[in-house]
Structures are given as C-alpha cells and as structure tokens.
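K.L.:
Got a structure for you, final17.cif, holding mmCIF, C-alpha atoms (C1' of nucleotides).
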data_protein
loop_
_atom_site.label_atom_id
_atom_site.label_comp_id
_atom_site.auth_asym_id
_atom_site.auth_seq_id
_atom_site.Cartn_x
_atom_site.Cartn_y
_atom_site.Cartn_z
CA MET A 224 -15.07 -64.58 -0.04
CA ASN A 225 -12.81 -66.24 2.47
CA THR A 226 -14.32 -67.31 5.73
CA PRO A 227 -12.41 -68.55 8.75
CA PRO A 228 -12.17 -72.34 8.96
CA ILE A 229 -14.12 -72.94 12.13
CA GLN A 230 -16.84 -71.19 14.05
CA THR A 231 -15.47 -67.83 15.02
CA LEU A 232 -16.60 -65.21 17.46
CA ILE A 233 -15.21 -61.86 16.39
CA ILE A 234 -15.06 -59.49 19.32
CA LEU A 235 -14.92 -55.84 18.37
CA LEU A 236 -13.90 -53.87 21.43
CA GLY A 237 -12.51 -50.49 22.45
CA PRO A 238 -13.26 -47.49 24.60
CA THR A 239 -16.61 -45.75 24.53
CA GLY A 240 -17.05 -43.38 21.60
CA ILE A 241 -14.21 -44.87 19.54
CA GLY A 242 -16.48 -45.87 16.63
CA LYS A 243 -17.40 -49.50 17.32
CA THR A 244 -20.99 -49.23 16.14
CA ALA A 245 -20.13 -47.89 12.70
CA LEU A 246 -17.49 -50.56 12.14
CA SER A 247 -19.68 -53.35 13.48
CA GLU A 248 -22.16 -52.55 10.73
CA VAL A 249 -19.46 -52.92 8.09
CA ILE A 250 -18.18 -56.19 9.51
CA ALA A 251 -21.66 -57.66 10.01
CA ASP A 252 -22.55 -56.79 6.43
CA HIS A 253 -19.37 -58.32 5.07
CA PHE A 254 -19.85 -61.62 6.88
CA GLN A 255 -23.66 -61.53 6.57
CA THR A 256 -23.98 -62.08 10.29
CA GLU A 257 -25.74 -60.88 13.42
CA ILE A 258 -24.43 -58.75 16.26
CA ILE A 259 -24.22 -59.55 19.95
CA SER A 260 -23.93 -56.38 21.98
CA CYS A 261 -21.54 -56.62 24.90
CA ASP A 262 -22.59 -53.57 26.82
CA SER A 263 -23.75 -53.79 30.40
CA ARG A 264 -25.98 -50.74 30.03
CA GLN A 265 -27.39 -50.98 26.50
CA LEU A 266 -29.14 -54.05 27.84
CA PHE A 267 -31.69 -51.90 29.57
CA SER A 268 -34.62 -50.72 27.51
CA GLU A 269 -35.10 -47.59 29.63
CA MET A 270 -31.58 -46.29 28.95
CA SER A 271 -31.22 -45.74 25.21
CA ILE A 272 -30.09 -42.17 24.63
CA GLY A 273 -27.47 -42.09 27.39
CA THR A 274 -25.93 -45.38 26.33
CA ALA A 275 -25.71 -44.50 22.63
CA VAL A 276 -27.73 -47.47 21.42
CA PRO A 277 -27.46 -47.95 17.63
CA ASP A 278 -30.22 -46.19 15.71
CA ASP A 279 -33.48 -47.98 14.86
CA GLN A 280 -32.62 -48.27 11.20
CA LEU A 281 -29.48 -50.24 11.98
CA LEU A 282 -31.21 -52.35 14.63
CA LYS A 283 -33.90 -53.18 12.10
CA ARG A 284 -31.53 -54.06 9.29
CA ILE A 285 -29.08 -56.21 11.27
CA PRO A 286 -30.31 -58.43 14.10
CA HIS A 287 -28.84 -57.27 17.39
CA HIS A 288 -28.91 -59.22 20.63
CA PHE A 289 -28.79 -57.90 24.21
CA ILE A 290 -29.90 -54.42 23.29
CA ARG A 291 -32.95 -53.16 25.21
CA SER A 292 -33.51 -56.79 26.16
CA HIS A 293 -33.95 -56.20 29.87
CA SER A 294 -35.51 -53.74 32.27
CA ILE A 295 -33.67 -51.70 34.88
CA PHE A 296 -35.87 -53.47 37.41
CA ASP A 297 -34.32 -56.82 36.46
CA SER A 298 -31.05 -57.71 38.07
CA TYR A 299 -28.33 -58.70 35.70
CA ASN A 300 -24.61 -59.41 35.92
CA ALA A 301 -21.58 -60.72 34.09
CA ALA A 302 -22.24 -64.36 35.00
CA ARG A 303 -25.71 -64.24 33.50
CA PHE A 304 -24.30 -62.61 30.42
CA GLU A 305 -21.84 -65.47 30.03
CA THR A 306 -24.58 -68.08 30.24
CA ASP A 307 -26.94 -66.17 27.95
CA VAL A 308 -24.31 -65.52 25.28
CA ILE A 309 -22.93 -69.05 25.27
CA ASP A 310 -26.48 -70.40 24.88
CA LEU A 311 -27.29 -67.98 22.11
CA LEU A 312 -24.05 -68.71 20.26
CA GLN A 313 -25.02 -72.37 19.84
CA THR A 314 -28.11 -71.25 17.96
CA LEU A 315 -26.37 -68.57 15.94
CA PHE A 316 -23.41 -70.73 14.94
CA ALA A 317 -25.86 -73.25 13.48
CA LYS A 318 -26.78 -70.58 10.95
CA ASN A 319 -23.49 -68.80 10.47
CA PRO A 320 -19.87 -69.71 11.19
CA VAL A 321 -18.95 -66.11 12.00
CA ILE A 322 -20.65 -64.14 14.72
CA LEU A 323 -19.77 -60.60 15.76
CA MET A 324 -19.82 -59.44 19.35
CA THR A 325 -19.18 -55.77 19.95
CA GLY A 326 -18.99 -53.61 23.03
CA GLY A 327 -16.78 -52.22 25.71
CA SER A 328 -17.87 -53.88 28.95
CA MET A 329 -14.57 -55.38 29.98
CA LEU A 330 -15.77 -57.86 32.55
CA TYR A 331 -18.55 -59.06 30.28
CA ILE A 332 -16.08 -59.68 27.47
CA ASP A 333 -13.85 -61.70 29.79
CA ALA A 334 -16.85 -63.63 31.08
CA VAL A 335 -17.66 -64.75 27.54
CA CYS A 336 -14.06 -65.51 26.62
CA LYS A 337 -12.77 -67.12 29.78
CA GLY A 338 -15.84 -67.89 31.83
CA ILE A 339 -16.57 -66.82 35.34
CA ASP A 340 -16.74 -68.85 38.53
CA ASP A 341 -20.12 -70.31 39.32
CA LEU A 342 -21.31 -68.24 42.25
CA PRO A 343 -24.92 -67.74 43.28
CA ASP A 344 -26.82 -64.54 42.62
CA ILE A 345 -27.18 -62.51 45.78
CA ASP A 346 -30.58 -62.19 47.37
CA PRO A 347 -31.49 -58.48 47.33
CA GLU A 348 -32.54 -58.63 50.96
CA LEU A 349 -29.18 -59.96 52.07
CA ARG A 350 -27.47 -57.36 49.93
CA SER A 351 -29.31 -54.50 51.58
CA THR A 352 -28.82 -56.00 55.05
CA ILE A 353 -25.06 -56.09 54.57
CA SER A 354 -25.04 -52.67 52.98
CA GLU A 355 -26.94 -51.29 55.99
CA ARG A 356 -24.46 -52.85 58.36
CA HIS A 357 -21.66 -51.15 56.46
CA LYS A 358 -23.47 -47.83 56.70
CA ASN A 359 -24.14 -48.20 60.41
CA PHE A 360 -20.95 -49.78 61.70
CA GLY A 361 -18.36 -48.64 59.18
CA ILE A 362 -15.74 -50.28 57.05
CA ASP A 363 -13.59 -51.45 59.97
CA HIS A 364 -16.46 -53.56 61.23
CA MET A 365 -16.95 -55.16 57.81
CA ARG A 366 -13.24 -55.86 57.52
CA ALA A 367 -13.31 -57.59 60.89
CA GLU A 368 -16.29 -59.64 59.76
CA LEU A 369 -14.47 -60.73 56.61
CA LYS A 370 -11.31 -61.54 58.56
CA LEU A 371 -13.38 -63.90 60.67
CA LEU A 372 -15.37 -65.52 57.84
CA ASP A 373 -12.69 -65.70 55.12
CA PRO A 374 -9.18 -64.95 56.38
CA VAL A 375 -7.65 -66.07 53.09
CA TYR A 376 -9.54 -63.54 51.01
CA TYR A 377 -9.02 -60.94 53.72
CA ARG A 378 -5.29 -61.14 53.02
CA GLU A 379 -5.78 -60.78 49.23
CA VAL A 380 -8.51 -58.20 48.96
CA ASP A 381 -8.06 -54.44 48.62
CA LEU A 382 -9.13 -53.50 52.13
CA GLN A 383 -9.78 -49.93 50.99
CA ASN A 384 -12.50 -51.09 48.64
CA PRO A 385 -15.85 -51.60 50.40
CA VAL A 386 -17.51 -53.14 47.34
CA ARG A 387 -15.05 -56.03 47.27
CA ILE A 388 -15.34 -56.67 50.99
CA LEU A 389 -19.12 -56.55 50.97
CA HIS A 390 -19.40 -58.85 47.97
CA ALA A 391 -17.16 -61.45 49.59
CA LEU A 392 -19.36 -61.33 52.69
CA GLU A 393 -22.46 -61.75 50.55
CA ILE A 394 -21.00 -64.91 49.03
CA CYS A 395 -19.92 -66.26 52.40
CA TYR A 396 -23.38 -65.78 53.89
CA THR A 397 -25.20 -67.09 50.82
CA THR A 398 -23.16 -70.27 50.40
CA GLY A 399 -22.01 -70.93 53.92
CA ARG A 400 -18.49 -71.32 52.53
CA THR A 401 -15.57 -68.97 52.12
CA PHE A 402 -15.46 -66.81 49.03
CA SER A 403 -11.81 -67.67 48.46
CA SER A 404 -12.55 -71.40 48.23
CA GLN A 405 -15.04 -70.77 45.43
CA ARG A 406 -12.89 -68.32 43.50
CA THR A 407 -11.05 -70.82 41.34
CA LYS A 408 -10.46 -68.44 38.45
CA THR A 409 -10.59 -71.45 36.12
CA VAL A 410 -10.37 -70.44 32.49
CA LYS A 411 -13.05 -72.28 30.55
CA GLU A 412 -12.34 -73.80 27.15
CA ARG A 413 -14.62 -72.61 24.37
CA ASN A 414 -15.48 -74.77 21.38
CA PHE A 415 -15.21 -71.83 19.01
CA ARG A 416 -12.41 -69.53 17.94
CA ILE A 417 -12.18 -66.06 19.42
CA LEU A 418 -10.72 -63.17 17.46
CA LYS A 419 -10.34 -59.91 19.34
CA ILE A 420 -10.20 -56.68 17.36
CA GLY A 421 -9.36 -53.60 19.44
CA LEU A 422 -10.03 -50.08 18.26
CA ASN A 423 -8.05 -47.05 19.37
CA ARG A 424 -7.13 -43.62 18.07
CA ASP A 425 -5.36 -40.46 19.23
CA ARG A 426 -6.45 -39.57 22.71
CA SER A 427 -7.40 -35.98 21.86
CA GLU A 428 -9.45 -37.20 18.91
CA LEU A 429 -11.24 -39.71 21.15
CA TYR A 430 -11.99 -37.00 23.69
CA ASP A 431 -13.36 -34.70 20.99
CA ARG A 432 -15.68 -37.46 19.82
CA ILE A 433 -16.83 -38.15 23.36
CA ASN A 434 -17.53 -34.49 24.12
CA GLN A 435 -19.40 -34.12 20.86
CA ARG A 436 -21.45 -37.25 21.46
CA VAL A 437 -22.56 -36.01 24.87
CA ASP A 438 -23.78 -32.79 23.26
CA GLU A 439 -25.70 -34.88 20.74
CA MET A 440 -27.24 -36.97 23.51
CA MET A 441 -28.48 -33.79 25.14
CA GLN A 442 -29.98 -32.66 21.82
CA ASN A 443 -31.62 -36.06 21.49
CA GLY A 444 -33.38 -35.72 24.83
CA LEU A 445 -31.09 -37.27 27.43
CA GLU A 446 -32.42 -34.89 30.07
CA GLN A 447 -35.98 -36.08 29.52
CA GLU A 448 -34.88 -39.72 29.53
CA ALA A 449 -33.07 -39.19 32.82
CA ARG A 450 -36.03 -37.29 34.26
CA LYS A 451 -38.22 -40.35 33.72
CA LEU A 452 -35.70 -42.50 35.56
CA TYR A 453 -35.14 -40.02 38.39
CA PRO A 454 -37.63 -41.75 40.73
CA PHE A 455 -35.48 -44.89 40.52
CA LYS A 456 -32.10 -43.22 40.94
CA HIS A 457 -31.32 -45.48 43.91
CA LEU A 458 -31.03 -48.49 41.55
CA ASN A 459 -27.43 -49.47 40.99
CA THR A 460 -28.08 -49.79 37.28
CA LEU A 461 -28.72 -46.07 37.18
CA ASN A 462 -25.42 -45.30 38.88
CA THR A 463 -24.23 -44.76 35.33
CA VAL A 464 -22.38 -41.99 33.55
CA GLY A 465 -24.89 -39.71 31.86
CA TYR A 466 -27.62 -40.34 34.35
CA ARG A 467 -26.15 -39.80 37.80
CA GLU A 468 -24.81 -36.38 36.83
CA LEU A 469 -28.27 -35.30 35.65
CA PHE A 470 -29.76 -36.66 38.89
CA GLU A 471 -27.39 -34.30 40.74
CA TYR A 472 -28.79 -31.47 38.64
CA PHE A 473 -32.37 -32.54 39.42
CA ASP A 474 -31.41 -32.61 43.10
CA GLY A 475 -30.30 -28.99 42.78
CA ASP A 476 -26.66 -29.79 43.47
CA CYS A 477 -25.34 -28.24 40.24
CA THR A 478 -26.45 -26.42 37.11
CA LEU A 479 -27.41 -28.19 33.91
CA ALA A 480 -24.27 -26.91 32.19
CA GLN A 481 -22.14 -28.26 35.03
CA ALA A 482 -23.89 -31.62 34.83
CA VAL A 483 -23.15 -31.85 31.10
CA GLU A 484 -19.48 -31.03 31.71
CA LYS A 485 -19.36 -33.74 34.37
CA ILE A 486 -20.88 -36.27 31.97
CA LYS A 487 -18.16 -35.46 29.46
CA ALA A 488 -15.38 -35.72 32.05
CA ASN A 489 -16.72 -38.96 33.52
CA THR A 490 -17.13 -40.47 30.06
CA ARG A 491 -13.50 -39.61 29.27
CA LYS A 492 -12.50 -41.18 32.56
CA TYR A 493 -14.45 -44.33 31.72
CA ALA A 494 -12.75 -44.53 28.34
CA ARG A 495 -9.34 -44.36 30.07
CA LYS A 496 -10.37 -47.12 32.45
CA GLN A 497 -11.41 -49.31 29.54
CA LEU A 498 -8.09 -48.71 27.79
CA THR A 499 -6.21 -49.60 30.98
CA TRP A 500 -8.04 -52.90 31.12
CA PHE A 501 -7.67 -53.71 27.42
CA ARG A 502 -3.99 -52.72 27.35
CA LYS A 503 -2.90 -55.78 29.29
CA ASP A 504 -4.92 -58.20 27.14
CA THR A 505 -2.29 -59.59 24.76
CA GLU A 506 -4.92 -61.33 22.63
CA ILE A 507 -6.21 -58.06 21.25
CA ASN A 508 -5.26 -57.10 17.71
CA TRP A 509 -5.24 -53.32 17.55
CA PHE A 510 -6.49 -51.20 14.65
CA HIS A 511 -7.54 -47.65 13.90
CA PRO A 512 -11.31 -47.43 13.29
CA ASP A 513 -10.68 -46.20 9.75
CA GLN A 514 -8.83 -49.40 8.80
CA GLU A 515 -11.99 -51.17 7.64
CA GLN A 516 -10.38 -53.10 4.81
CA GLU A 517 -7.37 -54.14 6.89
CA ILE A 518 -9.64 -55.40 9.64
CA ILE A 519 -11.83 -57.43 7.30
CA GLN A 520 -8.77 -58.87 5.66
CA PHE A 521 -7.28 -59.70 9.05
CA ILE A 522 -10.45 -61.54 10.08
CA SER A 523 -10.61 -63.44 6.81
CA ASN A 524 -7.08 -64.80 7.07
"C1'" A B 176 -5.76 9.48 30.54
"C1'" C B 177 -6.31 9.20 35.98
"C1'" G B 178 -7.56 6.29 40.44
"C1'" G B 179 -8.29 1.36 42.46
"C1'" G B 180 -7.90 -3.80 41.84
"C1'" U B 181 -5.84 -8.21 39.34
"C1'" G B 182 -2.12 -11.71 37.27
"C1'" U B 183 0.56 -18.54 40.86
"C1'" A B 184 -0.54 -25.90 37.44
"C1'" G B 185 -4.94 -27.06 31.73
"C1'" C B 186 -9.20 -24.53 35.04
"C1'" U B 187 -10.86 -22.30 39.86
"C1'" C B 188 -8.05 -20.67 43.64
"C1'" A B 189 -4.67 -21.00 48.51
"C1'" G B 190 0.18 -19.48 49.90
"C1'" U B 191 1.22 -16.87 57.41
"C1'" C B 192 6.76 -13.20 59.64
"C1'" G B 193 10.79 -13.02 53.05
"C1'" G B 194 13.31 -19.42 53.61
"C1'" U B 195 12.94 -22.45 46.01
"C1'" A B 196 5.03 -23.34 45.93
"C1'" G B 197 -0.20 -26.68 47.25
"C1'" A B 198 -5.59 -27.94 47.17
"C1'" G B 199 -10.06 -29.36 44.31
"C1'" C B 200 -11.32 -30.55 39.45
"C1'" A B 201 -9.06 -31.75 34.79
"C1'" C B 202 -5.13 -34.93 33.17
"C1'" U B 203 -1.88 -39.59 33.41
"C1'" G B 204 -1.01 -44.50 35.10
"C1'" G B 205 -2.71 -48.81 37.80
"C1'" U B 206 -6.02 -52.78 40.58
"C1'" C B 207 -10.31 -55.50 39.54
"C1'" U B 208 -14.18 -63.11 38.51
"C1'" C B 209 -20.16 -61.36 38.51
"C1'" C B 210 -24.59 -54.66 40.88
"C1'" A B 211 -18.31 -53.53 36.57
"C1'" A B 212 -20.45 -47.06 32.45
"C1'" A B 213 -19.55 -49.76 39.47
"C1'" A B 214 -15.79 -49.60 43.33
"C1'" C B 215 -10.74 -48.71 44.73
"C1'" C B 216 -5.31 -47.05 44.53
"C1'" A B 217 -1.21 -43.95 42.91
"C1'" G B 218 1.13 -39.61 40.39
"C1'" G B 219 1.84 -32.39 40.89
"C1'" U B 220 2.46 -31.73 35.35
"C1'" G B 221 4.85 -24.57 37.40
"C1'" U B 222 9.52 -19.01 33.35
"C1'" C B 223 4.59 -17.66 40.56
"C1'" G B 224 2.84 -11.91 33.83
"C1'" G B 225 8.11 -9.56 32.11
"C1'" G B 226 12.37 -6.74 33.71
"C1'" C B 227 15.35 -4.26 37.28
"C1'" G B 228 16.43 -3.59 42.38
"C1'" U B 229 16.77 -4.54 48.01
"C1'" U B 230 18.38 -9.09 50.55
"C1'" C B 231 22.60 -14.50 52.32
"C1'" G B 232 17.66 -15.67 50.31
"C1'" A B 233 11.75 -12.68 46.82
"C1'" G B 234 5.40 -15.75 44.82
"C1'" U B 235 5.89 -12.46 49.21
"C1'" C B 236 9.22 -5.99 49.79
"C1'" G B 237 10.44 -1.49 46.19
"C1'" C B 238 10.54 0.59 41.14
"C1'" U B 239 9.04 -0.10 36.17
"C1'" C B 240 6.56 -2.17 31.84
"C1'" C B 241 2.58 -5.31 30.27
"C1'" U B 242 -2.56 -8.03 30.81
"C1'" C B 243 -7.41 -8.11 32.31
"C1'" C B 244 -11.39 -6.00 35.47
"C1'" C B 245 -13.97 -1.88 38.03
"C1'" G B 246 -14.68 3.32 38.69
"C1'" U B 247 -14.03 8.51 36.96
"C1'" G B 248 -13.43 11.18 32.72
#
For the structure just supplied, provide its representation as structure tokens.
P.N.:
Amino acid sequence: MNTPPIQTLIILLGPTGIGKTALSEVIADHFQTEIISCDSRQLFSEMSIGTAVPDDQLLKRIPHHFIRSHSIFDSYNAARFETDVIDLLQTLFAKNPVILMTGGSMLYIDAVCKGIDDLPDIDPELRSTISERHKNFGIDHMRAELKLLDPVYYREVDLQNPVRILHALEICYTTGRTFSSQRTKTVKERNFRILKIGLNRDRSELYDRINQRVDEMMQNGLEQEARKLYPFKHLNTLNTVGYRELFEYFDGDCTLAQAVEKIKANTRKYARKQLTWFRKDTEINWFHPDQEQEIIQFISN
RNA sequence: ACGGGUGUAGCUCAGUCGGUAGAGCACUGGUCUCCAAAACCAGGUGUCGGGCGUUCGAGUCGCUCCUCCCGUG
C-alpha cells in the first residue's frame, strides 16, 4: 500500500447529503486512520438526528473526533475549532501519517487550512447589550456607531448585513482597538500536507437525497429531538435547519407538513450555499461520490 | 347532458378603463476571518389552456373547443 510521503490531512468535503459519511468510512478503513468531523452542528450532543450524525456502529468502529463533543450550552466558534484541531492533529499524526477530516462547514475548513485571526471571544453580556441596542435604535444607529469606531471597516463592510456590523462593534469594544486593524487575514503555514477532496453530483440527484434524508430524520424522531430543545430555541446554535422550522410548528405558525417541506427547502438552499463557497476554492479536487477507487488512488499518489 | 365557476412562472395567486404581465415561495448565481446549517446581496425563468373573431392594439371583449371543480339530473 502506498502512503503519501509526509503527514497528510485529507479533507473530504461537499454539500450536505452528498454522501461524505459513507465515503469517509471507506477512506478511513483504507488508510487505517481516524476521522475528524468538520461540522459546526454535529459537535453538539443534543443535536444528533437533525444533523445526520454517523450511526453508533460506525462511531464505535472508527474513532471520530468533534462529534457530540460539546453541549449547546457551550459557546463554540471557528477559531476554537482551529486551535482544537491543530492540537489534536499533533497527537494523531504521531500515530498515523494520514488523517481524514470530513465535513461541510466551510468556515471551519478554512480555519483549519489557513488559520483565522486571533480575536478574543465575545463576552455574552456585551453581545446581548449590543444586540439590544440594535433592536432598540435600529441599523442606522449601529452603522453610525461603527463609522465612528472603525471608519476603515465601515467602508469595507456590507452595510446591509447587521451581523457583520454588530460583530465588528463587539471586537472594537472588547479590545479597545479597531476591528480592521486586527483583521490581518494572514494565511498560516501548516507543517502538514493538505489534500482536499470535493464531492458533487447532479443537482437533482442531490436534492432527491436531501429530501429523502429529511423524511428519514422525521421517521427517526427529529420532532421529539426538537421538542426537547424547544425551551432553548433562543440559543443561536439552535438557529439551525431542521430545528428552527419545527420550532415554528411548535409555535403554531405552520403545520407539521409545512415545517417538513421548509426543512427540505432550507437544506437544499444550504447545500447551494456550500457549493458556492467551495466552487471558488481552486485547491479542491472534485470527484463523484461513487468514484471510491479513483479517490483512494488519487490520495495515494 | 344541463347550469354555474375555473384555467396566467415549477407552486399559490395578483393583474384597474383593452396599451406586449408581477408578487411570495421554489429555483439560479454571488458576498462572507470566528454565534457560519448563521447573516446578507442579486436574478423573473411565461405559447396568459387551444383556435377564430372584434380592435391600431386582447391576459382583459365576443364566439367556439378543451381541462378541472361545484350543483342539478
């Protein structure tokens, strides 16, 4: 068996529902390695059905990392993921020169590959204070505040997008410095090789798989899982496809059937968004999920 | 069979006095260095059921055929 010359992180990526999990099992078996999940929602132990976590048999047979490892009451973000994965990789590479990371969280993948600027976590109290101000005084007020505190970023940012404006303000208030001065966008050098494998297939086929998987999630008890989380629906982590639509149903804003249709539509939309992001990444080597042998051969060369 | 209604974008529907059709969702594309399965931006994709007629001009008016629905038989 050929193995790549140096320590290699294989990244298996693609839109939701494309077939990453099945292929990750094949690749992990072939290289006798472990799997790092790169999924910003499979992290949370309370959200298993709606995030299509691999089944227990697979999780038992092949060690997986960052699956059900955190609670929805913990705060987590891409920067933490970068730190955690880079730390873990040092341990894993000591045992095996090839490690597989699989998932579709675009920002998290980039954080691992290129690094992310070192910015502080935001204190929840400050976050809610700023969010309240936005609610009470409106977006124009927040824009004016940003223009005053960080005129450079004010000129760059999408002024239509409250989330961007509010986050910049959070950083300004937390650090006492402008957000723009801390946004260096420096690409970090990694001491291992990165091999990106992208999966894609016909759009209609992908949509069929997505629709079918949502039906399966419902059969597997997604409604009950969401019902348990309903009391915490205000948490940002639960502003997630598959859960927020069911919360609308619990609120009486739509029927169950309508909620399921919305989950399907929003999942398709998410898949498109992922493809838009991945499309511009020239490092990705694209394959059809059925090309198992070709992919393994490609990795081995 | 007769009477009434209906037919416009993939779906649900709007369309004034006759002036070559528009909204939501779907769909498609894009932005994005940290709450990212989030947030934001852009794009109308059409044999107006078919045909004939009136008119300078018909989604709109008339006739006719067809579809589906309701009622009566």
K.L.:
Considering all atoms listed in the file, return as an MDAnalysis selection string whatever protein or nucleic-acid residues lie within 7 Å of segment 179-196 of chain B, sequence-local ones (same chain, fewer than 3 positions apart) excluded.
P.N.:
chainID B and resid 201 220:221 223:224 232:235
K.L.:
Just the residues within 9 Å of Ala494 of chain A, please, counting all atoms listed in the file, with nothing from its chain fewer than 6 positions along; format it as a ChimeraX atom specification.
P.N.:
/A:237-241,429-430
K.L.:
Could you list as a PyMOL selection string every residue that has an atom within 9 Å of (-24.3, -39.6, 15.8), using the file's coordinates and counting all atoms listed in the file?
P.N.:
chain A and resi 275+278+435-436+439-440
K.L.:
For segment 412-415 of chain A, list every protein, DNA or RNA residue within 12 Å, evaluated using all atoms listed in the file, and leave out those in the same chain fewer than 2 positions away; present the list as a ChimeraX atom specification.
P.N.:
/A:227-233,305,309,312-313,316,320-322,334-339,409-410,417-418
K.L.:
Pick out the chain B residues within 9 Å of chain A. Count only C-alpha atoms (C1' of nucleotides). Give them as an mmCIF file with C-alpha atoms (C1' of nucleotides), in the frame of the given file.
P.N.:
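As a result, selection-v7.cif now contains:
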data_model
loop_
_atom_site.group_PDB
_atom_site.id
_atom_site.type_symbol
_atom_site.label_atom_id
_atom_site.label_comp_id
_atom_site.auth_asym_id
_atom_site.auth_seq_id
_atom_site.Cartn_x
_atom_site.Cartn_y
_atom_site.Cartn_z
ATOM 1 C "C1'" A B 201 -9.060 -31.750 34.790
ATOM 2 C "C1'" G B 204 -1.010 -44.500 35.100
ATOM 3 C "C1'" G B 205 -2.710 -48.810 37.800
ATOM 4 C "C1'" U B 206 -6.020 -52.780 40.580
ATOM 5 C "C1'" U B 208 -14.180 -63.110 38.510
ATOM 6 C "C1'" C B 209 -20.160 -61.360 38.510
ATOM 7 C "C1'" C B 210 -24.590 -54.660 40.880
ATOM 8 C "C1'" A B 211 -18.310 -53.530 36.570
ATOM 9 C "C1'" A B 212 -20.450 -47.060 32.450
ATOM 10 C "C1'" A B 213 -19.550 -49.760 39.470
ATOM 11 C "C1'" A B 214 -15.790 -49.600 43.330
ATOM 12 C "C1'" C B 215 -10.740 -48.710 44.730
ATOM 13 C "C1'" C B 216 -5.310 -47.050 44.530
#
K.L.:
For the provided coordinates, the residues matched by the PyMOL selection byres ((chain A and resi 266) around 9) should be stated as number ranges by chain.
P.N.:
A: 260-265, 267-271, 288-295
K.L.:
Based on the selection just made, write C-alpha atoms of those residues as an mmCIF file, keeping the file's coordinate frame.
P.N.:
data_model
loop_
_atom_site.group_PDB
_atom_site.id
_atom_site.type_symbol
_atom_site.label_atom_id
_atom_site.label_comp_id
_atom_site.auth_asym_id
_atom_site.auth_seq_id
_atom_site.Cartn_x
_atom_site.Cartn_y
_atom_site.Cartn_z
ATOM 1 C CA SER A 260 -23.930 -56.380 21.980
ATOM 2 C CA CYS A 261 -21.540 -56.620 24.900
ATOM 3 C CA ASP A 262 -22.590 -53.570 26.820
ATOM 4 C CA SER A 263 -23.750 -53.790 30.400
ATOM 5 C CA ARG A 264 -25.980 -50.740 30.030
ATOM 6 C CA GLN A 265 -27.390 -50.980 26.500
ATOM 7 C CA PHE A 267 -31.690 -51.900 29.570
ATOM 8 C CA SER A 268 -34.620 -50.720 27.510
ATOM 9 C CA GLU A 269 -35.100 -47.590 29.630
ATOM 10 C CA MET A 270 -31.580 -46.290 28.950
ATOM 11 C CA SER A 271 -31.220 -45.740 25.210
ATOM 12 C CA HIS A 288 -28.910 -59.220 20.630
ATOM 13 C CA PHE A 289 -28.790 -57.900 24.210
ATOM 14 C CA ILE A 290 -29.900 -54.420 23.290
ATOM 15 C CA ARG A 291 -32.950 -53.160 25.210
ATOM 16 C CA SER A 292 -33.510 -56.790 26.160
ATOM 17 C CA HIS A 293 -33.950 -56.200 29.870
ATOM 18 C CA SER A 294 -35.510 -53.740 32.270
ATOM 19 C CA ILE A 295 -33.670 -51.700 34.880
#
K.L.:
What does the structure give for the distance between atom CA of Ala482 of chain A and atom CA of Asp438 of chain A, in Å to one decimal?
P.N.:
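Between atom CA of Ala482 of chain A and atom CA of Asp438 of chain A the gap works out to 11.6 Å.
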